[in-house]
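Novice: Contents are mmCIF, C-alpha atoms and all ligand atoms; file name input14.cif:
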```cif
data_upload
loop_
_atom_site.label_atom_id
_atom_site.label_comp_id
_atom_site.auth_asym_id
_atom_site.auth_seq_id
_atom_site.Cartn_x
_atom_site.Cartn_y
_atom_site.Cartn_z
CA MET A 112 214.36 -140.64 111.36
CA GLU A 113 215.14 -138.21 114.15
CA LEU A 114 218.82 -137.25 113.95
CA LYS A 115 220.52 -136.95 117.34
CA ASN A 116 224.18 -137.14 116.36
CA ILE A 117 224.31 -135.83 112.80
CA ILE A 118 223.45 -132.43 111.37
CA LEU A 119 222.55 -132.31 107.69
CA GLU A 120 222.55 -128.91 105.99
CA LYS A 121 222.31 -127.78 102.40
CA GLU A 122 224.03 -124.78 100.86
CA GLY A 123 223.19 -124.54 97.17
CA LYS A 124 224.65 -127.60 95.48
CA ILE A 125 226.50 -128.77 98.60
CA ALA A 126 225.36 -130.97 101.47
CA ILE A 127 227.24 -130.48 104.74
CA VAL A 128 227.18 -133.44 107.09
CA THR A 129 228.39 -132.70 110.62
CA ILE A 130 228.99 -135.49 113.10
CA SER A 131 228.00 -134.05 116.45
CA ARG A 132 228.51 -135.98 119.69
CA PRO A 133 230.37 -133.39 121.75
CA LYS A 134 230.43 -135.49 124.94
CA ALA A 135 232.50 -138.18 123.17
CA LEU A 136 234.52 -135.98 120.80
CA ASN A 137 232.23 -137.14 117.95
CA ALA A 138 233.17 -140.81 118.40
CA LEU A 139 231.13 -143.16 116.23
CA ASN A 140 228.64 -145.36 118.06
CA SER A 141 226.06 -147.64 116.40
CA GLU A 142 223.39 -144.93 116.58
CA THR A 143 225.59 -142.40 114.77
CA LEU A 144 226.53 -144.92 112.08
CA THR A 145 222.85 -145.76 111.56
CA GLU A 146 222.02 -142.06 111.26
CA LEU A 147 224.87 -141.57 108.81
CA ASP A 148 223.50 -144.42 106.71
CA TYR A 149 220.10 -142.68 106.67
CA VAL A 150 221.67 -139.29 105.78
CA LEU A 151 223.48 -140.91 102.84
CA ASP A 152 220.05 -142.08 101.59
CA GLN A 153 218.82 -138.47 101.69
CA ILE A 154 221.89 -137.18 99.88
CA GLU A 155 221.75 -139.92 97.28
CA ASP A 156 218.11 -139.10 96.49
CA ASP A 157 218.58 -135.33 96.37
CA ASN A 158 219.28 -134.34 92.76
CA GLU A 159 220.20 -130.80 93.79
CA VAL A 160 223.18 -132.01 95.82
CA LEU A 161 226.30 -132.38 93.68
CA ALA A 162 229.03 -132.47 96.34
CA VAL A 163 229.26 -133.34 100.03
CA ILE A 164 231.38 -132.09 102.92
CA LEU A 165 231.84 -134.28 106.00
CA THR A 166 233.08 -132.63 109.18
CA GLY A 167 232.97 -132.85 112.97
CA ALA A 168 231.23 -130.45 115.34
CA GLY A 169 233.31 -128.17 117.55
CA GLU A 170 236.91 -127.07 117.29
CA LYS A 171 238.62 -130.00 118.93
CA SER A 172 237.62 -133.13 117.13
CA PHE A 173 236.67 -134.43 113.70
CA VAL A 174 235.93 -137.99 114.90
CA ALA A 175 237.85 -139.50 117.87
CA GLY A 176 237.32 -143.03 116.53
CA ALA A 177 234.76 -145.70 117.13
CA ASP A 178 233.05 -145.36 120.50
CA ILE A 179 235.29 -147.21 122.96
CA SER A 180 232.69 -147.15 125.78
CA GLU A 181 230.18 -148.89 123.51
CA MET A 182 232.75 -151.35 122.14
CA LYS A 183 234.47 -152.40 125.35
CA ASP A 184 231.91 -155.00 126.48
CA LYS A 185 230.89 -156.34 123.08
CA ASN A 186 231.11 -160.07 122.50
CA VAL A 187 232.32 -161.59 119.23
CA ILE A 188 228.88 -161.49 117.59
CA GLU A 189 228.17 -157.91 118.66
CA GLY A 190 231.67 -156.84 117.62
CA ARG A 191 231.16 -158.38 114.19
CA LYS A 192 227.74 -156.69 113.84
CA PHE A 193 229.28 -153.32 114.73
CA GLY A 194 232.08 -153.91 112.23
CA ILE A 195 229.65 -154.86 109.47
CA LEU A 196 227.56 -151.72 110.08
CA GLY A 197 230.64 -149.47 110.08
CA ASN A 198 232.13 -151.04 106.98
CA LYS A 199 228.80 -150.81 105.15
CA VAL A 200 228.43 -147.10 105.91
CA PHE A 201 232.07 -146.29 105.10
CA ARG A 202 231.86 -148.18 101.81
CA ARG A 203 228.64 -146.36 100.91
CA LEU A 204 230.43 -143.07 101.54
CA GLU A 205 233.32 -144.19 99.36
CA LEU A 206 231.04 -145.32 96.54
CA LEU A 207 228.55 -142.44 96.79
CA GLU A 208 227.85 -141.10 93.32
CA LYS A 209 228.74 -137.60 94.51
CA PRO A 210 232.21 -136.45 95.56
CA VAL A 211 232.80 -136.25 99.31
CA ILE A 212 235.32 -133.90 100.94
CA ALA A 213 236.38 -134.49 104.55
CA ALA A 214 236.98 -131.20 106.38
CA VAL A 215 239.14 -132.50 109.22
CA ASN A 216 238.97 -130.01 112.07
CA GLY A 217 240.69 -131.91 114.91
CA PHE A 218 241.21 -135.47 116.14
CA ALA A 219 240.90 -138.01 113.32
CA LEU A 220 241.84 -141.15 115.21
CA GLY A 221 241.04 -144.80 114.48
CA GLY A 222 237.60 -144.87 112.89
CA GLY A 223 237.93 -141.07 112.52
CA CYS A 224 241.03 -141.38 110.35
CA GLU A 225 239.31 -144.25 108.54
CA ILE A 226 236.12 -142.32 107.77
CA SER A 227 238.21 -139.45 106.40
CA MET A 228 239.95 -141.96 104.13
CA ALA A 229 236.59 -143.23 102.84
CA CYS A 230 236.04 -139.68 101.56
CA ASP A 231 237.45 -138.64 98.18
CA ILE A 232 239.49 -135.63 99.32
CA ARG A 233 240.77 -134.53 102.74
CA ILE A 234 241.30 -130.90 103.76
CA ALA A 235 242.78 -130.57 107.25
CA SER A 236 243.07 -127.70 109.67
CA THR A 237 246.49 -127.09 111.24
CA LYS A 238 244.94 -128.46 114.45
CA ALA A 239 244.05 -131.86 112.94
CA LEU A 240 245.73 -134.96 114.33
CA PHE A 241 245.67 -138.29 112.48
CA GLY A 242 246.40 -141.78 113.75
CA GLN A 243 245.42 -145.41 113.98
CA PRO A 244 245.69 -146.15 117.72
CA GLU A 245 243.97 -149.56 117.53
CA VAL A 246 246.92 -151.85 118.32
CA GLY A 247 247.27 -149.94 121.60
CA LEU A 248 243.70 -151.02 122.37
CA GLY A 249 244.26 -154.67 121.48
CA ILE A 250 242.52 -154.56 118.10
CA THR A 251 243.43 -154.09 114.46
CA PRO A 252 242.02 -151.18 112.47
CA GLY A 253 238.53 -152.39 111.60
CA PHE A 254 236.94 -149.79 109.35
CA GLY A 255 239.29 -150.13 106.39
CA GLY A 256 242.46 -148.63 107.92
CA THR A 257 244.78 -151.44 106.87
CA GLN A 258 243.55 -151.14 103.28
CA ARG A 259 242.74 -147.48 102.59
CA LEU A 260 245.76 -146.08 104.47
CA THR A 261 248.06 -148.41 102.53
CA ARG A 262 246.54 -147.33 99.22
CA LEU A 263 246.90 -143.65 100.14
CA VAL A 264 250.37 -143.47 101.70
CA GLY A 265 252.08 -146.74 100.70
CA MET A 266 252.88 -149.87 102.65
CA GLY A 267 255.90 -148.67 104.65
CA MET A 268 254.25 -145.56 106.02
CA ALA A 269 250.92 -147.36 106.66
CA LYS A 270 252.73 -150.07 108.62
CA GLN A 271 254.65 -147.48 110.64
CA LEU A 272 251.47 -145.59 111.56
CA ILE A 273 249.49 -148.73 112.40
CA PHE A 274 252.26 -150.67 114.23
CA THR A 275 253.37 -147.68 116.36
CA ALA A 276 249.83 -146.36 117.05
CA LYS A 277 251.44 -142.89 117.07
CA ASN A 278 249.52 -139.84 115.92
CA ILE A 279 250.77 -137.42 113.33
CA LYS A 280 250.04 -133.73 112.87
CA ALA A 281 248.47 -132.18 109.79
CA ASP A 282 251.78 -131.08 108.22
CA GLU A 283 253.13 -134.66 108.38
CA ALA A 284 249.80 -135.98 107.02
CA LEU A 285 250.24 -133.57 104.10
CA ARG A 286 253.85 -134.65 103.55
CA ILE A 287 252.94 -138.34 103.28
CA GLY A 288 249.91 -137.71 101.07
CA LEU A 289 247.22 -138.55 103.60
CA VAL A 290 245.64 -135.11 103.18
CA ASN A 291 245.34 -132.88 100.13
CA LYS A 292 245.72 -129.51 101.84
CA VAL A 293 246.25 -127.92 105.26
CA VAL A 294 244.71 -124.57 106.18
CA GLU A 295 244.20 -122.49 109.31
CA PRO A 296 241.17 -123.64 111.38
CA GLU A 297 239.13 -120.52 110.56
CA GLU A 298 239.67 -121.13 106.83
CA LEU A 299 238.74 -124.82 106.87
CA MET A 300 235.05 -124.73 105.99
CA ASP A 301 235.45 -121.93 103.43
CA THR A 302 238.24 -123.87 101.73
CA ALA A 303 236.16 -127.06 101.70
CA LYS A 304 233.10 -125.21 100.38
CA LYS A 305 235.11 -123.47 97.65
CA LEU A 306 236.51 -126.82 96.54
CA ALA A 307 233.09 -128.47 96.71
CA ASN A 308 231.58 -125.67 94.59
CA THR A 309 234.37 -125.90 92.02
CA ILE A 310 233.62 -129.60 91.66
CA ALA A 311 229.84 -129.07 91.70
CA ASN A 312 230.14 -126.59 88.83
CA ASN A 313 231.70 -129.22 86.56
CA ALA A 314 229.69 -131.80 84.62
CA PRO A 315 228.16 -133.99 87.37
CA ILE A 316 227.96 -137.16 85.30
CA ALA A 317 231.59 -136.81 84.23
CA VAL A 318 232.64 -136.25 87.87
CA LYS A 319 230.60 -139.28 88.97
CA LEU A 320 232.05 -141.51 86.26
CA SER A 321 235.60 -140.30 86.99
CA LYS A 322 235.11 -141.24 90.66
CA GLN A 323 233.85 -144.68 89.66
CA ALA A 324 236.74 -145.27 87.25
CA ILE A 325 239.33 -144.24 89.87
CA ASN A 326 237.74 -146.34 92.64
CA ARG A 327 237.38 -149.42 90.48
CA GLY A 328 240.66 -149.07 88.64
CA ILE A 329 242.83 -148.80 91.77
CA GLN A 330 241.82 -152.37 92.64
CA CYS A 331 242.88 -154.10 89.40
CA ASP A 332 245.56 -154.49 86.78
CA ILE A 333 246.16 -151.59 84.38
CA ASP A 334 244.43 -153.20 81.38
CA THR A 335 241.22 -153.87 83.31
CA ALA A 336 241.49 -150.41 84.86
CA LEU A 337 241.86 -148.74 81.48
CA SER A 338 238.81 -150.63 80.22
CA PHE A 339 236.82 -149.01 83.08
CA GLU A 340 238.14 -145.66 81.95
CA SER A 341 237.14 -146.30 78.32
CA GLU A 342 233.68 -147.34 79.48
CA ALA A 343 233.28 -144.16 81.54
CA PHE A 344 234.63 -142.01 78.69
CA GLY A 345 232.21 -143.58 76.22
CA GLU A 346 229.24 -143.12 78.51
CA CYS A 347 229.85 -139.36 78.64
CA PHE A 348 228.95 -139.16 74.95
CA SER A 349 225.37 -140.08 75.80
CA THR A 350 224.98 -136.90 77.87
CA GLU A 351 223.61 -133.47 76.96
CA ASP A 352 226.33 -131.91 79.09
CA GLN A 353 229.10 -133.31 76.86
CA LYS A 354 227.32 -132.13 73.70
CA ASP A 355 226.63 -128.64 75.10
CA ALA A 356 230.12 -128.11 76.54
CA MET A 357 231.94 -129.23 73.39
CA THR A 358 229.59 -127.25 71.12
CA ALA A 359 230.20 -124.15 73.29
CA PHE A 360 233.96 -124.67 72.99
CA VAL A 361 233.80 -125.00 69.19
CA GLU A 362 231.55 -121.92 69.00
CA LYS A 363 234.01 -120.03 71.22
CA ARG A 364 231.48 -119.26 73.95
CA LYS A 365 231.06 -120.28 77.57
CA PRO A 366 228.81 -123.30 78.23
CA GLU A 367 225.47 -122.31 79.76
CA GLY A 368 225.90 -124.47 82.85
CA PHE A 369 225.66 -128.20 83.25
CA LYS A 370 222.26 -129.86 83.46
CA ASN A 371 223.30 -133.20 84.97
CA ARG A 372 221.83 -134.90 81.95
N1 LIG A 401 235.09 -143.34 122.35
C1 LIG A 401 234.30 -142.96 123.40
N2 LIG A 401 234.51 -141.82 124.10
C2 LIG A 401 235.54 -141.05 123.73
C3 LIG A 401 236.41 -141.38 122.65
C4 LIG A 401 236.13 -142.59 121.94
N3 LIG A 401 236.85 -142.99 120.88
N4 LIG A 401 237.35 -140.43 122.56
C5 LIG A 401 237.08 -139.54 123.51
N5 LIG A 401 236.01 -139.90 124.23
C6 LIG A 401 235.38 -139.20 125.36
C7 LIG A 401 236.25 -139.34 126.62
O1 LIG A 401 236.00 -140.58 127.26
C8 LIG A 401 235.80 -138.14 127.43
O2 LIG A 401 234.58 -138.45 128.03
P1 LIG A 401 234.25 -137.98 129.56
O3 LIG A 401 235.33 -138.55 130.39
O4 LIG A 401 234.28 -136.46 129.49
O5 LIG A 401 232.89 -138.56 129.82
C9 LIG A 401 235.53 -137.09 126.36
O6 LIG A 401 235.37 -137.81 125.13
C10 LIG A 401 236.69 -136.13 126.18
O7 LIG A 401 237.86 -136.89 125.99
P2 LIG A 401 239.20 -136.66 126.84
O8 LIG A 401 238.88 -136.13 128.21
O9 LIG A 401 240.00 -137.90 126.73
O10 LIG A 401 239.86 -135.46 126.00
P3 LIG A 401 241.41 -135.15 125.81
O11 LIG A 401 241.48 -133.85 125.10
O12 LIG A 401 242.15 -135.30 127.11
O13 LIG A 401 241.96 -136.32 124.84
C11 LIG A 401 241.87 -137.76 122.89
C12 LIG A 401 241.43 -136.43 123.53
C13 LIG A 401 241.17 -137.88 121.54
C14 LIG A 401 243.38 -137.79 122.68
C15 LIG A 401 241.45 -138.92 123.86
O14 LIG A 401 240.08 -138.75 124.20
C16 LIG A 401 241.61 -140.25 123.22
O15 LIG A 401 242.74 -140.80 123.16
N6 LIG A 401 240.50 -140.82 122.76
C17 LIG A 401 240.48 -142.15 122.17
C18 LIG A 401 241.03 -142.08 120.78
C19 LIG A 401 241.13 -143.45 120.18
O16 LIG A 401 241.84 -144.32 120.66
N7 LIG A 401 240.39 -143.61 119.12
C20 LIG A 401 240.38 -144.90 118.39
C21 LIG A 401 239.28 -145.71 118.92
S1 LIG A 401 239.40 -147.34 118.30
C22 LIG A 401 235.68 -152.39 114.31
C23 LIG A 401 235.85 -151.44 113.39
C24 LIG A 401 236.43 -150.24 113.71
C25 LIG A 401 236.89 -149.99 114.97
C26 LIG A 401 236.71 -150.95 115.91
C27 LIG A 401 236.10 -152.13 115.59
N8 LIG A 401 235.09 -153.68 114.00
C28 LIG A 401 235.26 -154.14 112.63
C29 LIG A 401 234.41 -154.42 114.95
C30 LIG A 401 237.52 -148.75 115.27
C31 LIG A 401 238.22 -148.60 116.38
C32 LIG A 401 238.60 -147.27 116.84
O17 LIG A 401 238.34 -146.26 116.26
#
```
Take the structure in the file and write it out as structure tokens.

Specialist:
Amino acid sequence: MELKNIILEKEGKIAIVTISRPKALNALNSETLTELDYVLDQIEDDNEVLAVILTGAGEKSFVAGADISEMKDKNVIEGRKFGILGNKVFRRLELLEKPVIAAVNGFALGGGCEISMACDIRIASTKALFGQPEVGLGITPGFGGTQRLTRLVGMGMAKQLIFTAKNIKADEALRIGLVNKVVEPEELMDTAKKLANTIANNAPIAVKLSKQAINRGIQCDIDTALSFESEAFGECFSTEDQKDAMTAFVEKRKPEGFKNR
């Protein structure tokens, strides 16, 4: 597939996905979502990639939401189709078997805030702005905002952000737990890459299973959740990486590096 709105790069063990639609501040239209779906296929199939960074092109915007020009004339069926596509891609991102870091460089509004929340970790630049402006456009958040924002920041704060449609700056996003860290714009990509490399240098299967246990467990009661954890923990003992790392510890030497096996 020819990519018009997404740039996919690889740096060692990291894939960097850049959403690039400068004329619309990287807003997500159907074409971009379809390309993103395709790029996730590539990343999924690439055994060298152990962590992913998602960012927006330029200095102004991460993703300024779903594309309003494309959405404005949609009928109910087209609107539903668009929603299904977006939700499918966002859920794939969330469930990807590799950790995904959002490097939020500017506007993260509506679908932009929502796509950042489908990532595992969010690093924001001091210029980032977050918000769910949908009710000001006559719609509800449609790409998971009512659910993922609530899980991240709690019901009261999620309701305030969604009902008021007001944007918040990076420092407030950090205070309420929407982002993990805020850095100067020029430090954003280096910080995200450093974090991605730290993760990529750990045992990939253990990272993958931890992600699965967290994602599944957050949706159920503690006993069911802990059974997911036990399952993940047990599975690690079938891996060479667990055997090598624990043997290295007992032999008081550094492990040789994880093999993803
Ligand atoms: N869509 C399309 N074009 C956009 C856009 C967007 N979301 N945001 C910006 N642009 C375009 C502008 O129209 C403008 O285009 P030209 O006029 O140059 O052709 C260009 O980007 C530059 O924007 P501005 O001139 O407005 O730049 P400013 O710096 O003055 O303002 C801004 C930047 C981000 C504050 C402003 O552009 C803005 O308020 N943009 C809209 C932000 C927004 O409301 N985003 C949320 C969209 S609603 C669904 C699932 C999900 C969703 C919907 C349905 N289903 C389940 C069906 C999601 C909804 C959303 O995300």

Novice: Collect all residues with atoms no farther than 7 Å from ligand LIG 401 (chain A), counting all atoms listed in the file, and output them as a ChimeraX atom specification.

Specialist: /A:134-136,138,175-180,190-191,193-195,197,218,220-223,243-245,248,252-254

Novice: In terms of the shortest atom-to-atom distance over all atoms listed in the file, which of A:Ile250, A:Ala213, A:Leu206, A:Ile333 is closest to Lys183 in chain A?

Specialist: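 The closest residue to Lys183 in chain A is A:Ile250.
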
Novice: Using all atoms listed in the file for the distances, tell me which of A:Gly288, A:Gly328, A:Pro315, A:Gly247 is nearest to Arg372 in chain A.

Specialist: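 Ranked by minimum distance to Arg372 in chain A, first place goes to A:Pro315.
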
Novice: Please provide the set of residues having any atom within 7 Å of Val200 in chain A, restricted to only C-alpha atoms, with same-chain residues fewer than 3 positions apart removed, written as a list in words.

Specialist: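 My reading of the contact set: Leu144, Asp148, Leu196, Gly197, Arg203 and Leu204 of chain A.
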
Novice: Between CA of Thr237 in chain A and CA of Gly167 in chain A, what distance in Å does the model show, to one decimal?

Specialist: 14.8 Å

Novice: For each of A:Leu165, A:Ile310, A:Leu139, A:Val160, take the minimum atom-to-atom distance to Ile118 in chain A, counting only C-alpha atoms, then give the residue where this is smallest.

Specialist: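 The closest residue to Ile118 in chain A is A:Leu165.
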
Novice: Excluding Glu283 in chain A and residues on its chain fewer than 6 positions from it, collect all residues at most 10 Å away from it, counting all atoms listed in the file, and give them as a short mmCIF file (atom, residue, chain, number, x, y, z; two decimals) with C-alpha atoms, in the frame of the given file.

Specialist:
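part_9.cif, freshly written:
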```cif
data_model
loop_
_atom_site.label_atom_id
_atom_site.label_comp_id
_atom_site.auth_asym_id
_atom_site.auth_seq_id
_atom_site.Cartn_x
_atom_site.Cartn_y
_atom_site.Cartn_z
CA LEU A 240 245.73 -134.96 114.33
CA PHE A 241 245.67 -138.29 112.48
CA LEU A 289 247.22 -138.55 103.60
CA VAL A 290 245.64 -135.11 103.18
#
```

Novice: Interatomic distance between CA of Gly249 in chain A and CA of Glu181 in chain A?

Specialist: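 These two atoms are separated by 15.4 Å.
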
Novice: Can you sort out the box for range 275-291 of chain A, edges along x, y and z, all listed atoms in, 6 Å on every side, with centre and edge lengths in Å to one decimal, as JSON?

Specialist:
```
{"center_x": 249.6, "center_y": -139.4, "center_z": 108.6, "size_x": 20.5, "size_y": 28.6, "size_z": 28.9}
```

Novice: Quick one: distance from CA of Val246 in chain A to CA of Ser227 in chain A in Å, one decimal?

Specialist: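 Distance between the two atoms: 19.3 Å.
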
Novice: Give me the residues near Ile234 in chain A as a PyMOL selection string, where near means some atom within 7 Å (using all atoms listed in the file) and where sequence neighbours in that chain fewer than 2 positions away do not count.

Specialist: chain A and resi 213-215+232+236+290-293+303

Novice: Counting only C-alpha atoms, figure out which residue out of A:Ile164, A:Ala219, A:Ala324, A:Ala269 gets nearest to Ala336 in chain A.

Specialist: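 Counting only C-alpha atoms, the residue closest to Ala336 in chain A is A:Ala324.
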
Novice: Quick one: everything within 6 Å of Ile117 in chain A, counting all atoms listed in the file, minus sequence neighbours fewer than 6 positions away in the same chain. Send it as a compact mmCIF listing (two decimals) with C-alpha atoms, keeping the file's coordinate frame.

Specialist:
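Final file, around-v5.txt:
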```
# COMPACT_ATOMS: atom_id res chain seq x y z
CA THR A 129 228.39 -132.70 110.62
CA ILE A 130 228.99 -135.49 113.10
CA SER A 131 228.00 -134.05 116.45
```

Novice: Taking (228.6, -123.8, 81.8) in the coordinates of the supplied file, I want to know which residues reach to within 8 Å of it, counting only C-alpha atoms; could you give the answer as an MDAnalysis selection string?

Specialist: chainID A and resid 312:313 356 365:369

Novice: For Asp231 in chain A, which residue among A:Ile273, A:Ile325, A:Ile188, A:Ile287 is the nearest when counting only C-alpha atoms?

Specialist: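 Among the listed residues, A:Ile325 lies closest to Asp231 in chain A.
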
Novice: From the options A:Val128, A:Leu272, A:Leu263, A:Leu161, which residue's atoms come nearest to Ile329 in chain A, counting all atoms listed in the file?

Specialist: A:Leu263

Novice: Any idea what's packed within 9 Å of Pro133 in chain A, counting all atoms listed in the file, ignoring anything in its chain fewer than 6 positions away? Could you give it as a ChimeraX atom specification?

Specialist: /A:168-169,172
